[in-house]
file query-v2.cif (mmCIF, C-alpha atoms (C1' of nucleotides))
data_coords
loop_
_atom_site.label_atom_id
_atom_site.label_comp_id
_atom_site.auth_asym_id
_atom_site.auth_seq_id
_atom_site.Cartn_x
_atom_site.Cartn_y
_atom_site.Cartn_z
CA MET A 1039 -193.77 63.10 -89.11
CA LYS A 1040 -191.08 63.26 -86.51
CA ASN A 1041 -192.05 63.29 -82.88
CA ASN A 1042 -190.49 66.65 -82.24
CA GLN A 1043 -191.56 68.56 -79.22
CA GLN A 1044 -194.77 70.39 -79.98
CA ALA A 1045 -194.91 74.10 -79.28
CA PRO A 1046 -197.85 76.43 -79.68
CA SER A 1047 -197.39 78.42 -82.84
CA GLN A 1048 -197.65 81.58 -80.76
CA THR A 1049 -194.49 80.56 -78.91
CA ILE A 1050 -192.61 80.01 -82.14
CA PHE A 1051 -193.70 83.30 -83.67
CA LYS A 1052 -192.90 85.13 -80.46
CA LEU A 1053 -189.37 83.75 -80.54
CA LEU A 1054 -189.05 84.67 -84.21
CA GLU A 1055 -190.11 88.23 -83.39
CA GLU A 1056 -187.39 88.41 -80.76
CA MET A 1057 -184.81 87.02 -83.17
CA TYR A 1058 -185.72 89.36 -86.03
CA PRO A 1059 -187.19 92.58 -84.60
CA ASP A 1060 -186.37 94.39 -87.85
CA ALA A 1061 -187.91 91.88 -90.25
CA HIS A 1062 -189.35 93.67 -93.24
CA CYS A 1063 -189.58 93.61 -97.02
CA GLU A 1064 -186.10 94.19 -98.43
CA LEU A 1065 -187.24 95.23 -101.88
CA ASN A 1066 -187.12 98.98 -102.41
CA PHE A 1067 -190.47 100.42 -103.37
CA SER A 1068 -192.13 103.78 -103.22
CA ASN A 1069 -195.43 102.84 -104.83
CA PRO A 1070 -197.44 99.78 -105.88
CA PHE A 1071 -196.29 99.82 -109.49
CA GLN A 1072 -192.62 99.92 -108.60
CA LEU A 1073 -193.02 97.20 -106.01
CA LEU A 1074 -194.84 95.08 -108.59
CA ILE A 1075 -192.00 95.40 -111.10
CA ALA A 1076 -189.34 94.83 -108.45
CA THR A 1077 -191.11 91.70 -107.27
CA ILE A 1078 -191.44 90.32 -110.80
CA LEU A 1079 -187.71 90.89 -111.20
CA SER A 1080 -186.92 89.23 -107.87
CA ALA A 1081 -187.87 85.73 -108.99
CA GLN A 1082 -184.75 83.56 -108.60
CA ALA A 1083 -182.61 86.68 -108.22
CA THR A 1084 -180.93 88.32 -105.24
CA ASP A 1085 -182.79 91.26 -103.75
CA ARG A 1086 -179.59 93.30 -103.74
CA LYS A 1087 -179.26 93.05 -107.51
CA VAL A 1088 -182.95 93.78 -107.95
CA ASN A 1089 -182.61 96.92 -105.84
CA GLN A 1090 -179.64 98.09 -107.90
CA ILE A 1091 -181.50 97.56 -111.16
CA THR A 1092 -184.80 99.10 -110.08
CA GLU A 1093 -183.08 102.11 -108.54
CA ARG A 1094 -181.60 102.90 -111.95
CA LEU A 1095 -184.72 101.99 -113.89
CA PHE A 1096 -187.15 104.03 -111.82
CA GLN A 1097 -185.11 107.21 -112.12
CA GLN A 1098 -186.66 107.67 -115.54
CA TYR A 1099 -189.40 105.08 -115.92
CA THR A 1100 -191.67 105.54 -112.93
CA THR A 1101 -195.00 104.49 -114.42
CA PRO A 1102 -196.24 101.79 -116.82
CA GLN A 1103 -196.80 104.45 -119.45
CA LYS A 1104 -193.18 105.58 -119.21
CA LEU A 1105 -191.78 102.06 -119.04
CA LEU A 1106 -193.59 101.27 -122.28
CA ARG A 1107 -191.34 103.75 -124.06
CA LEU A 1108 -188.66 101.08 -123.88
CA THR A 1109 -188.44 98.32 -126.44
CA GLN A 1110 -188.09 94.80 -125.10
CA GLU A 1111 -184.46 94.79 -126.22
CA GLU A 1112 -183.75 98.01 -124.35
CA LEU A 1113 -185.41 96.73 -121.20
CA GLU A 1114 -183.47 93.47 -121.45
CA GLN A 1115 -180.24 95.45 -121.58
CA SER A 1116 -181.11 97.40 -118.47
CA ILE A 1117 -181.94 94.29 -116.43
CA LYS A 1118 -179.30 92.01 -117.91
CA GLU A 1119 -177.40 91.67 -114.63
CA ILE A 1120 -179.95 89.21 -113.34
CA GLY A 1121 -180.89 85.96 -114.98
CA LEU A 1122 -184.15 85.13 -116.72
CA TYR A 1123 -184.04 88.65 -118.11
CA HIS A 1124 -185.53 87.77 -121.48
CA ASN A 1125 -188.75 86.39 -120.04
CA LYS A 1126 -188.89 89.06 -117.37
CA ALA A 1127 -188.54 91.92 -119.85
CA LYS A 1128 -191.26 90.42 -122.03
CA ASN A 1129 -193.58 89.86 -119.08
CA ILE A 1130 -193.00 93.31 -117.61
CA LEU A 1131 -193.87 95.08 -120.86
CA ALA A 1132 -196.95 92.88 -121.35
CA THR A 1133 -197.98 93.62 -117.78
CA CYS A 1134 -197.53 97.36 -118.35
CA ARG A 1135 -199.77 97.20 -121.42
CA ILE A 1136 -202.52 95.50 -119.43
CA LEU A 1137 -202.17 98.01 -116.59
CA VAL A 1138 -202.59 100.90 -119.02
CA GLU A 1139 -205.35 99.39 -121.15
CA LYS A 1140 -207.49 97.70 -118.48
CA HIS A 1141 -206.60 99.29 -115.16
CA GLN A 1142 -206.09 102.97 -116.02
CA GLY A 1143 -202.39 102.60 -115.30
CA ASP A 1144 -203.03 101.46 -111.73
CA VAL A 1145 -202.10 98.20 -110.02
CA PRO A 1146 -205.20 96.10 -109.25
CA ARG A 1147 -205.89 95.36 -105.60
CA ASN A 1148 -207.07 91.79 -105.73
CA PHE A 1149 -205.40 88.45 -106.17
CA GLU A 1150 -207.35 87.39 -109.26
CA GLU A 1151 -206.56 90.44 -111.36
CA LEU A 1152 -202.95 90.50 -110.17
CA THR A 1153 -202.28 86.90 -111.17
CA GLU A 1154 -203.72 87.57 -114.62
CA LEU A 1155 -200.70 89.80 -115.24
CA PRO A 1156 -197.85 88.06 -117.10
CA GLY A 1157 -195.01 87.19 -114.74
CA VAL A 1158 -197.18 87.59 -111.67
CA GLY A 1159 -197.87 84.39 -109.76
CA ARG A 1160 -199.22 83.63 -106.31
CA LYS A 1161 -196.08 84.82 -104.57
CA THR A 1162 -195.76 88.15 -106.31
CA ALA A 1163 -199.46 88.86 -106.00
CA ASN A 1164 -199.40 88.26 -102.25
CA VAL A 1165 -196.31 90.43 -101.78
CA VAL A 1166 -197.95 93.34 -103.61
CA LEU A 1167 -201.23 92.97 -101.72
CA SER A 1168 -199.58 92.99 -98.31
CA ASN A 1169 -196.65 95.35 -98.80
CA ALA A 1170 -198.16 97.88 -101.19
CA PHE A 1171 -201.81 97.93 -100.15
CA GLY A 1172 -201.72 96.71 -96.57
CA ILE A 1173 -204.17 93.94 -97.42
CA PRO A 1174 -203.67 90.91 -95.18
CA ALA A 1175 -201.84 88.29 -97.23
CA LEU A 1176 -199.29 85.57 -96.58
CA ALA A 1177 -196.97 84.81 -99.46
CA VAL A 1178 -195.61 81.26 -99.44
CA ASP A 1179 -192.26 80.92 -101.17
CA THR A 1180 -189.56 78.30 -100.87
CA HIS A 1181 -188.27 79.73 -97.59
CA VAL A 1182 -191.69 79.89 -95.98
CA LEU A 1183 -192.43 76.39 -97.21
CA ARG A 1184 -189.24 74.89 -95.82
CA VAL A 1185 -189.17 76.73 -92.50
CA SER A 1186 -192.82 76.24 -91.65
CA ASN A 1187 -192.51 72.53 -92.34
CA ARG A 1188 -189.42 72.17 -90.19
CA LEU A 1189 -191.07 74.04 -87.33
CA GLY A 1190 -194.22 71.98 -87.58
CA LEU A 1191 -196.32 75.02 -88.44
CA ALA A 1192 -197.47 73.37 -91.65
CA THR A 1193 -197.29 70.07 -93.47
CA GLY A 1194 -196.74 69.34 -97.14
CA LYS A 1195 -195.27 71.05 -100.18
CA ASN A 1196 -198.42 72.48 -101.72
CA PRO A 1197 -198.10 76.27 -101.28
CA ASP A 1198 -201.86 76.80 -101.30
CA LEU A 1199 -202.42 74.30 -98.49
CA VAL A 1200 -199.46 75.60 -96.48
CA GLU A 1201 -200.78 79.13 -96.89
CA ASP A 1202 -204.14 78.05 -95.47
CA GLN A 1203 -202.50 76.24 -92.56
CA LEU A 1204 -200.33 79.23 -91.64
CA LYS A 1205 -203.21 81.66 -91.92
CA SER A 1206 -205.27 79.53 -89.56
CA LEU A 1207 -202.54 79.85 -86.92
CA ILE A 1208 -202.19 83.62 -86.98
CA SER A 1209 -204.46 86.61 -86.72
CA ARG A 1210 -204.96 88.46 -90.01
CA LYS A 1211 -203.05 91.46 -88.76
CA LYS A 1212 -199.90 89.37 -88.41
CA TRP A 1213 -200.00 87.48 -91.72
CA SER A 1214 -197.52 89.80 -93.39
CA LEU A 1215 -195.25 89.91 -90.37
CA ALA A 1216 -195.28 86.12 -90.14
CA HIS A 1217 -194.30 85.94 -93.79
CA HIS A 1218 -191.30 88.20 -93.25
CA LEU A 1219 -190.23 86.42 -90.08
CA LEU A 1220 -190.21 83.03 -91.81
CA ILE A 1221 -188.35 84.49 -94.79
CA TRP A 1222 -185.71 86.11 -92.62
CA HIS A 1223 -185.19 82.95 -90.61
CA GLY A 1224 -184.90 80.91 -93.81
CA ARG A 1225 -182.34 83.25 -95.28
CA ARG A 1226 -180.27 83.93 -92.20
CA MET A 1227 -180.21 80.64 -90.31
CA CYS A 1228 -182.63 77.97 -91.47
CA HIS A 1229 -180.96 77.38 -94.83
CA ALA A 1230 -182.09 74.61 -97.13
CA LYS A 1231 -178.76 72.84 -97.13
CA ARG A 1232 -176.77 73.65 -94.02
CA PRO A 1233 -179.10 75.09 -91.41
CA GLU A 1234 -177.32 76.50 -88.37
CA CYS A 1235 -179.27 74.44 -85.89
CA LEU A 1236 -176.68 74.80 -83.12
CA LEU A 1237 -177.23 78.55 -83.06
CA CYS A 1238 -181.00 78.37 -83.45
CA PRO A 1239 -183.24 79.24 -80.50
CA LEU A 1240 -186.04 77.29 -82.17
CA GLN A 1241 -184.07 74.06 -82.21
CA PRO A 1242 -186.16 72.41 -79.44
CA PHE A 1243 -189.27 72.78 -81.61
CA CYS A 1244 -187.71 71.73 -84.91
CA SER A 1245 -187.91 68.41 -86.72
CA GLU A 1246 -184.83 69.24 -88.78
CA ALA A 1247 -182.66 69.78 -85.74
CA GLN A 1248 -183.98 66.57 -84.16
CA SER A 1249 -183.10 64.49 -87.22
CA LYS A 1250 -179.66 66.08 -87.47
CA ALA A 1251 -178.98 65.38 -83.82
CA SER A 1252 -179.87 61.70 -84.17
CA SER A 1253 -177.67 61.17 -87.23
CA ALA A 1254 -173.91 61.44 -87.21
CA PRO A 1255 -172.86 64.76 -88.71
CA HIS A 1256 -170.30 64.50 -91.48
CA GLN A 1257 -167.32 66.86 -91.32
"C1'" DA B 1180 -194.65 66.62 -110.74
"C1'" DA B 1181 -190.89 67.80 -113.50
"C1'" DC B 1182 -188.61 70.94 -116.47
"C1'" DT B 1183 -186.84 75.39 -118.17
"C1'" DC B 1184 -185.26 79.92 -117.89
"C1'" DG B 1185 -180.09 82.42 -116.44
"C1'" DG B 1186 -176.43 85.77 -114.93
"C1'" DG B 1187 -174.24 86.77 -110.70
"C1'" DG B 1188 -172.71 85.78 -105.79
"C1'" DC B 1189 -170.35 83.01 -102.87
"C1'" DA B 1190 -167.63 79.16 -100.88
"C1'" DT C 659 -166.73 74.29 -110.13
"C1'" DG C 660 -171.08 73.74 -108.05
"C1'" DC C 661 -174.93 75.38 -105.80
"C1'" DC C 662 -178.24 78.93 -104.77
"C1'" DC C 663 -180.98 83.14 -105.51
"C1'" DA C 664 -187.72 86.57 -101.46
"C1'" DG C 665 -190.79 82.12 -109.00
"C1'" DA C 666 -193.63 81.60 -112.98
"C1'" DG C 667 -195.11 79.26 -117.07
"C1'" DT C 668 -195.35 75.19 -119.82
"C1'" DT C 669 -195.65 70.27 -120.67
#

call {"tool": "encode", "arguments": {"input": "query-v2.cif", "output": "structure tokens"}}
result
Amino acid sequence: MKNNQQAPSQTIFKLLEEMYPDAHCELNFSNPFQLLIATILSAQATDRKVNQITERLFQQYTTPQKLLRLTQEELEQSIKEIGLYHNKAKNILATCRILVEKHQGDVPRNFEELTELPGVGRKTANVVLSNAFGIPALAVDTHVLRVSNRLGLATGKNPDLVEDQLKSLISRKKWSLAHHLLIWHGRRMCHAKRPECLLCPLQPFCSEAQSKASSAPHQ
DNA sequence: AACTCGGGGCA
DNA sequence: TGCCCAGAGTT
């Protein structure tokens, strides 16, 4: 643990809100089912590609019942522009079958039933809960993990523990906002490899910036 | 905890 | 070329 300057988490989140006043979910969605599918597709893929694919897909296949008209091979073809498409197509169709057979074609509204769906893990479940249903949730992905560690908001690489730490710092109403703020910061400035610490207003509170400053930068 | 899936974007 | 992308499942 570096002896970086400690700041109240409220200060950090306030600065993040000023930096990213427009932070929001960048996946297109008009209903819970479509957000669920888009989020399954988004694993290790760019959100821009996912938006392109889902925009096409949902023109015809707007519900699990309709999506099940596709064979796995046909679905694979329509999502082939992103990687991992074989597993994703298989998982999406299996998920659609469960939605139809056990949930009357609806998306369940709790973490346990969501994570029972093939292709839906802790991250996807939390995204659907917060963005589709407005249920307080804080999804911890690689960006949230990295940024919250650097800013001293959380410690460790276990997503469950980091989720608990972050939730304890923020009121329930702001869990989803905090998630999006940390994501946006991770994607726009606080990159894994070459974070733009010189431009970062949070630099005084950051262990990463401190360690970079004390070591000679190459290049 | 480490490994695999994976085509596309970007430097 | 090499690395990364709003992860999940298996070993």

call {"tool": "resolve_selection", "arguments": {"input": "query-v2.cif", "expression": "the PyMOL selection byres ((chain A) within 9 of (chain C))", "output": "JSON, numbers by chain"}}
result
{"A": [1063, 1064, 1065, 1077, 1078, 1080, 1081, 1082, 1083, 1084, 1085, 1156, 1157, 1158, 1159, 1160, 1161, 1162, 1179, 1180, 1181, 1221, 1225]}

call {"tool": "resolve_selection", "arguments": {"input": "query-v2.cif", "expression": "the PyMOL selection byres ((chain A) within 12 of (chain B))", "output": "count of residues only"}}
result
20

call {"tool": "axis_aligned_box", "arguments": {"input": "query-v2.cif", "around": "segment 660-669 of chain C", "padding_each_side": "5 Å", "output": "JSON"}}
result
{"center_x": -183.4, "center_y": 78.4, "center_z": -111.1, "size_x": 34.6, "size_y": 26.3, "size_z": 29.2}

call {"tool": "residues_near_point", "arguments": {"input": "query-v2.cif", "point": "(-191.1, 81.2, -88.6)", "cutoff": "8 Å", "atoms": "only C-alpha atoms (C1' of nucleotides)", "output": "MDAnalysis selection string"}}
result
chainID A and resid 1050:1051 1054 1182 1185:1186 1189 1216:1217 1219:1221 1223

call {"tool": "write_last_selection", "arguments": {"input": "query-v2.cif", "atoms": "C-alpha atoms", "output": "PDB file, keeping the file's coordinate frame"}}
result
ATOM      1  CA  ILE A1050    -192.610  80.010 -82.140  1.00  0.00           C
ATOM      2  CA  PHE A1051    -193.700  83.300 -83.670  1.00  0.00           C
ATOM      3  CA  LEU A1054    -189.050  84.670 -84.210  1.00  0.00           C
ATOM      4  CA  VAL A1182    -191.690  79.890 -95.980  1.00  0.00           C
ATOM      5  CA  VAL A1185    -189.170  76.730 -92.500  1.00  0.00           C
ATOM      6  CA  SER A1186    -192.820  76.240 -91.650  1.00  0.00           C
ATOM      7  CA  LEU A1189    -191.070  74.040 -87.330  1.00  0.00           C
ATOM      8  CA  ALA A1216    -195.280  86.120 -90.140  1.00  0.00           C
ATOM      9  CA  HIS A1217    -194.300  85.940 -93.790  1.00  0.00           C
ATOM     10  CA  LEU A1219    -190.230  86.420 -90.080  1.00  0.00           C
ATOM     11  CA  LEU A1220    -190.210  83.030 -91.810  1.00  0.00           C
ATOM     12  CA  ILE A1221    -188.350  84.490 -94.790  1.00  0.00           C
ATOM     13  CA  HIS A1223    -185.190  82.950 -90.610  1.00  0.00           C
TER      14      HIS A1223
END

call {"tool": "atom_distance", "arguments": {"input": "query-v2.cif", "atom1": "atom CA of Gln1103 of chain A", "atom2": "atom CA of Val1165 of chain A"}}
result
22.6 Å

call {"tool": "atom_distance", "arguments": {"input": "query-v2.cif", "atom1": "atom CA of Ala1163 of chain A", "atom2": "atom CA of Ile1136 of chain A"}}
result
15.3 Å

call {"tool": "residues_around", "arguments": {"input": "query-v2.cif", "residues": "His1141 of chain A", "least_positions_apart": "5", "cutoff": "12 Å", "atoms": "all atoms listed in the file", "output": "PyMOL selection string"}}
result
chain A and resi 1071+1102-1103+1133-1136+1146-1147+1151-1152+1155

call {"tool": "build_atoms", "arguments": {"input": "query-v2.cif", "residues": "segment 1063-1074 of chain A", "atoms": "N, CA, C and O atoms", "output": "short mmCIF file (atom, residue, chain, number, x, y, z; two decimals), keeping the file's coordinate frame"}}
result
data_model
loop_
_atom_site.label_atom_id
_atom_site.label_comp_id
_atom_site.auth_asym_id
_atom_site.auth_seq_id
_atom_site.Cartn_x
_atom_site.Cartn_y
_atom_site.Cartn_z
N CYS A 1063 -189.82 93.84 -95.60
CA CYS A 1063 -189.58 93.61 -97.02
C CYS A 1063 -188.31 94.32 -97.45
O CYS A 1063 -188.15 95.51 -97.21
N GLU A 1064 -187.39 93.60 -98.06
CA GLU A 1064 -186.10 94.19 -98.43
C GLU A 1064 -186.07 94.70 -99.86
O GLU A 1064 -185.03 95.13 -100.34
N LEU A 1065 -187.19 94.64 -100.55
CA LEU A 1065 -187.24 95.23 -101.88
C LEU A 1065 -187.59 96.71 -101.75
O LEU A 1065 -188.55 97.07 -101.08
N ASN A 1066 -186.80 97.55 -102.40
CA ASN A 1066 -187.12 98.98 -102.41
C ASN A 1066 -188.42 99.22 -103.15
O ASN A 1066 -188.65 98.67 -104.20
N PHE A 1067 -189.27 100.05 -102.61
CA PHE A 1067 -190.47 100.42 -103.37
C PHE A 1067 -191.02 101.71 -102.79
O PHE A 1067 -190.96 101.96 -101.60
N SER A 1068 -191.51 102.54 -103.68
CA SER A 1068 -192.13 103.78 -103.22
C SER A 1068 -193.59 103.84 -103.63
O SER A 1068 -194.32 104.71 -103.19
N ASN A 1069 -194.02 102.90 -104.46
CA ASN A 1069 -195.43 102.84 -104.83
C ASN A 1069 -195.76 101.46 -105.36
O ASN A 1069 -194.86 100.66 -105.62
N PRO A 1070 -197.04 101.13 -105.48
CA PRO A 1070 -197.44 99.78 -105.88
C PRO A 1070 -196.85 99.33 -107.21
O PRO A 1070 -196.41 98.18 -107.35
N PHE A 1071 -196.83 100.23 -108.19
CA PHE A 1071 -196.29 99.82 -109.49
C PHE A 1071 -194.83 99.43 -109.40
O PHE A 1071 -194.42 98.39 -109.94
N GLN A 1072 -194.05 100.23 -108.68
CA GLN A 1072 -192.62 99.92 -108.60
C GLN A 1072 -192.36 98.67 -107.79
O GLN A 1072 -191.45 97.90 -108.10
N LEU A 1073 -193.17 98.44 -106.75
CA LEU A 1073 -193.02 97.20 -106.01
C LEU A 1073 -193.40 96.00 -106.88
O LEU A 1073 -192.74 94.96 -106.84
N LEU A 1074 -194.44 96.16 -107.68
CA LEU A 1074 -194.84 95.08 -108.59
C LEU A 1074 -193.71 94.69 -109.52
O LEU A 1074 -193.37 93.51 -109.66
#
